[in-house]
Number of protein chains: 2
Amino acid sequence: MGFRSWFAGFALLAMSSGHPASAYDVKAVGSFHIGGEEVVLSGLPDRELRFTANSPPMRVNPNGEFEVGQAYVQYVLLTSPKSPYPILMWHGGGLAGPTWETKPDGGEGWQNWFLRAGYDVYVSDAVERGRASWARFPEIYSVEPFFRPKSEAWELFRFGPPGSFSQKPAERKPYPGVAFPVEAMDQFAKQILPRWTINDERTQKAYDALVQRVCPCIIMAHSTGGPFAFNAALKAPDKVKAVIAVEPAGAPLPTVDLSPLKSVPMLMVWGDNLSSYPVWVKLVPLLASFRDRLAATGGIVEWLDLPAKGMKGNSHMIMMDRNSNEVAALIDAWIVATVK
Amino acid sequence: MGFRSWFAGFALLAMSSGHPASAYDVKAVGSFHIGGEEVVLSGLPDRELRFTANSPPMRVNPNGEFEVGQAYVQYVLLTSPKSPYPILMWHGGGLAGPTWETKPDGGEGWQNWFLRAGYDVYVSDAVERGRASWARFPEIYSVEPFFRPKSEAWELFRFGPPGSFSQKPAERKPYPGVAFPVEAMDQFAKQILPRWTINDERTQKAYDALVQRVCPCIIMAHSTGGPFAFNAALKAPDKVKAVIAVEPAGAPLPTVDLSPLKSVPMLMVWGDNLSSYPVWVKLVPLLASFRDRLAATGGIVEWLDLPAKGMKGNSHMIMMDRNSNEVAALIDAWIVATVK
């Protein structure tokens with residue numbers, strides 16, 4: 001049974017029932033860093049380091065050996081997973097692994113949901129983010145990082161239309177019926193991390209190494225994590241059994257041969273209000289074209305447009321939205337129906 | 001039975017048997033950010049942001065609202081914990097939560113060990129570290145961060161004596177019989193994070209809020225995490241049921257009234273080669289004096305000098321050393337014997 005026909009029959013059931021398991025038997029919780037290499041700084045003059053803003057500076061030698069370019073990966077392994085394939089969860093831009101953990105409003109995140117559903121789960125922090133660590137700039141990273149202000153997150157992640165953010169929570173004007181818990185916006189903002197614009201190659205390398213280490217697997221990628229997942233699947237179509245791209249923010253260039261992806265089923269999940277912010281107006285057709293090229297190779301590719309299916313108001317942070325459990329159930333059911 | 005007499009009778013058993021449970025039933029894996037506040041940047045001129053080192057700069061407005069000063073906390077909650085008190089694991093300087101996770105050599109970390117032993121476990125990233133995120137400097141953090149080179153970690157964490165580090169792994173000269181898996185030094189270095197010197201107050205505030213949120217509890221703190229734990233216990237002796245300080249790198253000032261800690265049992269754990277590095281030569285007497293002042297108040301305080309007990313070669317990273325399971329078993333047994 002294809003996904004489209006499956007969806008029609010199952011969606012209501014999935015949306016009303018949630019998932020039964022409430023606890024799960026764990027073999028191990030653990031983590032590792034993967035990828036990266038040593039970078040040596042030498043010949044730099046001493047720096048002045050102050051231990052408080054007012055204390056006299058100490059002279060510190062900034063030279064030496066450093067590890068740069070690794071990603072961080074944390075896993076929870078079940079004693080008896082229902083799925084032969086773990087899910088690798090790759091976050092988007094300016095964020096890290098907590099994307100998939102408990103939601104900013106305290107509700108259950110997809111990490112725990114998919115554990116309950118019987119998948120081993122690997123949540124990563126890409127190069128430069130979170131526990132992966134970051135490197136000195138401009139000596140190692142050539143440019144400075146960008147700190148995303150709340151207003152940009154509010155608009156780009158489609159909690160409210162352009163111009164609707166206010167510093168005062170009560171004065172923010174979200175999209176009518178938005179599914180993101182906007183009362184938890186400031187809590188969500190605590191997850192935002194500085195990001196650089198120059199580490200895509202390092203990140204791809206670390207993710208490719210991760211695929212070689214822990215797959216066969218299913219990759220679930222969000223936003224700018226999407227292109228890393230597509231590229232990882234292109235390079236290792238034997239290891240990547242499916243890609244679930246949640247509002248992917250990029251796709252392989254039209255010149256790239258997509259035939260290796262014929263054997264890699266893909267699900268792309270889209271929220272609401274995509275026509276209200278310029279970035280998404282540009283990105284959606286780009287991804288639709290990628291979808292069409294994939295379909296032309298004979299690959300399985302599903303475009304899950306949530307509002308078209310009657311699920312309204314989803315933001316870019318679908319895994320944090322109020323209906324995240326329902327969307328998770330749809331994804332789980334797609335995997336069960338599609339991934340061999 | 002006191003710990004000293006207990007140790008004599010139990011140590012061999014604990015050291016040889018390890019811990020029986022191999023899996024555990026989990027109710028939830030989740031996380032949250034705690035503490036912090038909004039900081040608004042305004043009036044700053046546009047920055048130039050380059051998307052690659054060679055691309056033309058884009059003008060970016062760095063102003064706006066940001067969340068600053070939060071810590072990140074991840075928990076694994078058991079369905080049926082043996083202990084009524086979760087363990088809160090607080091890392092040391094230049095590191096984050098992965099301190100407690102899988103060891104750099106791939107062996108089991110204390111997070112998983114104590115889960116198997118029946119404790120709920122909360123692992124945190126302090127303010128500015130890992131998934132807690134960090135803030136723009138010098139506009140919000142007044143000073144620049146310090147990046148610890150491998151050579152400093154090698155000496156300060158007592159893998160080898162001063163001057164014994166080499167870029168080439170084969171040429172490094174560790175302490176004879178060192179328990180740290182020195183072959184995993186470069187892997188360990190991937191965990192090292194930049195650190196600031198000015199965020200102690202922010203970190204203490206976030207940790208104090210964490211204690212109010214999830215305790216009663218046991219705090220296990222490493223290195224510079226130690227002083228945060230001592231202060232947290234001073235402020236909430238009703239909530240902190242014990243402190244396990246693994247090579248704590250500081251103590252409350254001699255002028256501080258320690259009587260609130262009378263009801264908070266403390267275990268301090270020390271490794272080997274402490275007389276070989278200047279920082280430790282200074283710190284150990286300071287902590288011994290803190291211990292003596294604690295004991296004078298009538299509090300329970302244990303000084304677990306591992307080499308004196310026949311366990312040789314432990315580094316500063318005791319939770320990563322080859323005998324970490326044996327030390328964990330000693331700590332678990334101390335908790336069982338001491339914490340009411």
# chains A, B, ... in the order shown; residues from 1 in each chain; ligands from 1

call {"tool": "residues_around", "arguments": {"residues": "Ala28 in chain B", "least_positions_apart": "6", "cutoff": "10 Å", "atoms": "only C-alpha atoms", "output": "number ranges by chain"}}
result
A: 22-24, 102, 108, 111-113, 115-116; B: 75-79

call {"tool": "write_last_selection", "arguments": {"atoms": "N, CA and C atoms", "output": "PDB file, in the first residue's frame"}}
result
ATOM      1  N   SER A  22       4.640   3.400  27.031  1.00  0.00           N
ATOM      2  CA  SER A  22       4.910   4.535  27.911  1.00  0.00           C
ATOM      3  C   SER A  22       6.309   4.457  28.506  1.00  0.00           C
ATOM      4  N   ALA A  23       6.941   3.299  28.485  1.00  0.00           N
ATOM      5  CA  ALA A  23       8.310   3.153  28.968  1.00  0.00           C
ATOM      6  C   ALA A  23       9.038   2.224  28.005  1.00  0.00           C
ATOM      7  N   TYR A  24      10.345   2.160  28.124  1.00  0.00           N
ATOM      8  CA  TYR A  24      11.102   1.317  27.204  1.00  0.00           C
ATOM      9  C   TYR A  24      12.373   0.843  27.889  1.00  0.00           C
ATOM     10  N   THR A 102      12.933  17.272  24.664  1.00  0.00           N
ATOM     11  CA  THR A 102      11.726  17.872  25.238  1.00  0.00           C
ATOM     12  C   THR A 102      11.429  19.223  24.586  1.00  0.00           C
ATOM     13  N   GLU A 108       6.523  16.311  25.193  1.00  0.00           N
ATOM     14  CA  GLU A 108       7.459  15.282  24.741  1.00  0.00           C
ATOM     15  C   GLU A 108       8.050  15.618  23.369  1.00  0.00           C
ATOM     16  N   GLN A 111      12.711  12.761  20.107  1.00  0.00           N
ATOM     17  CA  GLN A 111      13.682  11.770  20.584  1.00  0.00           C
ATOM     18  C   GLN A 111      12.963  10.723  21.433  1.00  0.00           C
ATOM     19  N   ASN A 112      12.235  11.190  22.429  1.00  0.00           N
ATOM     20  CA  ASN A 112      11.562  10.249  23.322  1.00  0.00           C
ATOM     21  C   ASN A 112      10.408   9.540  22.616  1.00  0.00           C
ATOM     22  N   TRP A 113       9.708  10.259  21.743  1.00  0.00           N
ATOM     23  CA  TRP A 113       8.575   9.656  21.041  1.00  0.00           C
ATOM     24  C   TRP A 113       9.037   8.460  20.201  1.00  0.00           C
ATOM     25  N   LEU A 115      11.798   6.771  20.533  1.00  0.00           N
ATOM     26  CA  LEU A 115      12.260   5.704  21.427  1.00  0.00           C
ATOM     27  C   LEU A 115      11.066   4.860  21.875  1.00  0.00           C
ATOM     28  N   ARG A 116      10.012   5.521  22.308  1.00  0.00           N
ATOM     29  CA  ARG A 116       8.804   4.790  22.712  1.00  0.00           C
ATOM     30  C   ARG A 116       8.254   3.966  21.558  1.00  0.00           C
TER      31      ARG A 116
ATOM     32  N   TYR B  75      18.032  14.750  31.170  1.00  0.00           N
ATOM     33  CA  TYR B  75      17.744  13.748  32.191  1.00  0.00           C
ATOM     34  C   TYR B  75      17.376  12.415  31.551  1.00  0.00           C
ATOM     35  N   VAL B  76      17.675  11.359  32.294  1.00  0.00           N
ATOM     36  CA  VAL B  76      17.154  10.030  31.977  1.00  0.00           C
ATOM     37  C   VAL B  76      16.473   9.554  33.253  1.00  0.00           C
ATOM     38  N   LEU B  77      15.173   9.318  33.166  1.00  0.00           N
ATOM     39  CA  LEU B  77      14.383   8.941  34.348  1.00  0.00           C
ATOM     40  C   LEU B  77      13.966   7.484  34.243  1.00  0.00           C
ATOM     41  N   LEU B  78      14.249   6.746  35.295  1.00  0.00           N
ATOM     42  CA  LEU B  78      13.924   5.322  35.329  1.00  0.00           C
ATOM     43  C   LEU B  78      12.464   5.115  35.722  1.00  0.00           C
ATOM     44  N   THR B  79      11.933   3.991  35.289  1.00  0.00           N
ATOM     45  CA  THR B  79      10.576   3.645  35.700  1.00  0.00           C
ATOM     46  C   THR B  79      10.539   3.361  37.205  1.00  0.00           C
TER      47      THR B  79
END

call {"tool": "interface_residues", "arguments": {"of": "chain B", "to": "chain A", "cutoff": "7 Å", "atoms": "only C-alpha atoms", "output": "MDAnalysis selection string"}}
result
chainID B and resid 22:33 50:53 64:67 70 101:102 112 130:131 133:134 142:143 149:150 189:190 192:193 197:198

call {"tool": "write_last_selection", "arguments": {"atoms": "C-alpha atoms", "output": "compact mmCIF listing (two decimals), in the first residue's frame"}}
result
# COMPACT_ATOMS: atom_id res chain seq x y z
CA SER B 22 22.79 -4.65 32.21
CA ALA B 23 19.63 -2.86 31.06
CA TYR B 24 17.11 -0.56 32.66
CA ASP B 25 13.54 0.52 32.12
CA VAL B 26 13.25 4.18 31.17
CA LYS B 27 10.24 6.42 31.69
CA ALA B 28 11.64 9.38 29.76
CA VAL B 29 14.72 10.92 28.23
CA GLY B 30 14.41 14.68 28.02
CA SER B 31 16.04 18.03 28.55
CA PHE B 32 15.45 21.65 29.41
CA HIS B 33 17.27 24.94 29.68
CA ARG B 50 31.00 36.42 5.02
CA PHE B 51 29.44 33.16 3.98
CA THR B 52 32.81 31.90 2.85
CA ALA B 53 36.26 33.28 3.45
CA GLY B 64 18.06 42.40 19.04
CA GLU B 65 16.91 40.22 21.91
CA PHE B 66 18.94 37.23 23.09
CA GLU B 67 18.66 34.71 25.92
CA GLN B 70 20.92 29.60 30.87
CA GLU B 101 29.00 9.95 29.13
CA THR B 102 30.82 7.25 27.20
CA ASN B 112 25.16 4.95 32.15
CA GLY B 130 27.89 22.97 24.98
CA ARG B 131 24.15 23.03 24.52
CA SER B 133 24.94 28.24 24.30
CA TRP B 134 27.15 31.29 24.69
CA SER B 142 33.04 41.37 28.50
CA VAL B 143 36.17 39.33 27.71
CA PRO B 149 45.45 23.41 24.07
CA LYS B 150 46.01 19.68 24.37
CA ALA B 189 40.44 16.54 23.24
CA LYS B 190 37.38 16.66 20.96
CA ILE B 192 37.23 20.39 25.08
CA LEU B 193 35.21 23.60 24.78
CA THR B 197 36.41 33.35 33.12
CA ILE B 198 33.51 35.62 33.98

call {"tool": "residues_around", "arguments": {"residues": "Arg213 in chain A", "least_positions_apart": "2", "cutoff": "12 Å", "atoms": "only C-alpha atoms", "output": "JSON, numbers by chain"}}
result
{"A": [32, 33, 34, 35, 73, 88, 122, 206, 207, 208, 209, 210, 211, 215, 216, 217, 236, 239, 240]}

call {"tool": "write_last_selection", "arguments": {"atoms": "C-alpha atoms", "output": "PDB file, in the first residue's frame"}}
result
ATOM      1  CA  PHE A  32      30.942  10.010  21.051  1.00  0.00           C
ATOM      2  CA  HIS A  33      32.608  12.666  18.965  1.00  0.00           C
ATOM      3  CA  ILE A  34      33.211  11.800  15.323  1.00  0.00           C
ATOM      4  CA  GLY A  35      35.264  13.381  12.558  1.00  0.00           C
ATOM      5  CA  VAL A  73      26.541  12.209  18.737  1.00  0.00           C
ATOM      6  CA  LEU A  88      19.737   9.638  13.173  1.00  0.00           C
ATOM      7  CA  TYR A 122      21.096   9.032  17.664  1.00  0.00           C
ATOM      8  CA  ALA A 206      31.634  14.339  10.098  1.00  0.00           C
ATOM      9  CA  TYR A 207      28.119  13.220   9.146  1.00  0.00           C
ATOM     10  CA  ASP A 208      29.478  10.978   6.366  1.00  0.00           C
ATOM     11  CA  ALA A 209      31.766   9.376   8.940  1.00  0.00           C
ATOM     12  CA  LEU A 210      28.797   8.916  11.261  1.00  0.00           C
ATOM     13  CA  VAL A 211      26.859   7.109   8.524  1.00  0.00           C
ATOM     14  CA  CYS A 215      24.293   2.751   9.624  1.00  0.00           C
ATOM     15  CA  PRO A 216      22.240   1.118   8.024  1.00  0.00           C
ATOM     16  CA  CYS A 217      19.894   3.771   9.363  1.00  0.00           C
ATOM     17  CA  ALA A 236      26.091   5.973   0.888  1.00  0.00           C
ATOM     18  CA  LYS A 239      23.668   2.575   4.223  1.00  0.00           C
ATOM     19  CA  VAL A 240      20.885   5.172   4.274  1.00  0.00           C
TER      20      VAL A 240
END

call {"tool": "select_by_dssp", "arguments": {"residues": "range 68-273 of chain B", "states": "strand (DSSP E or B)", "output": "ChimeraX atom specification"}}
result
/B:68-78,87-90,121-125,146,195,217-222,240-246,266-270

call {"tool": "atom_distance", "arguments": {"atom1": "CA of Asp46 in chain A", "atom2": "CA of Gly163 in chain B"}}
result
19.3 Å

call {"tool": "closest_residue", "arguments": {"among": "B:Gly94, B:Pro307, B:Gly225, B:Pro237", "to": "Val178 in chain B", "atoms": "only C-alpha atoms"}}
result
B:Pro307
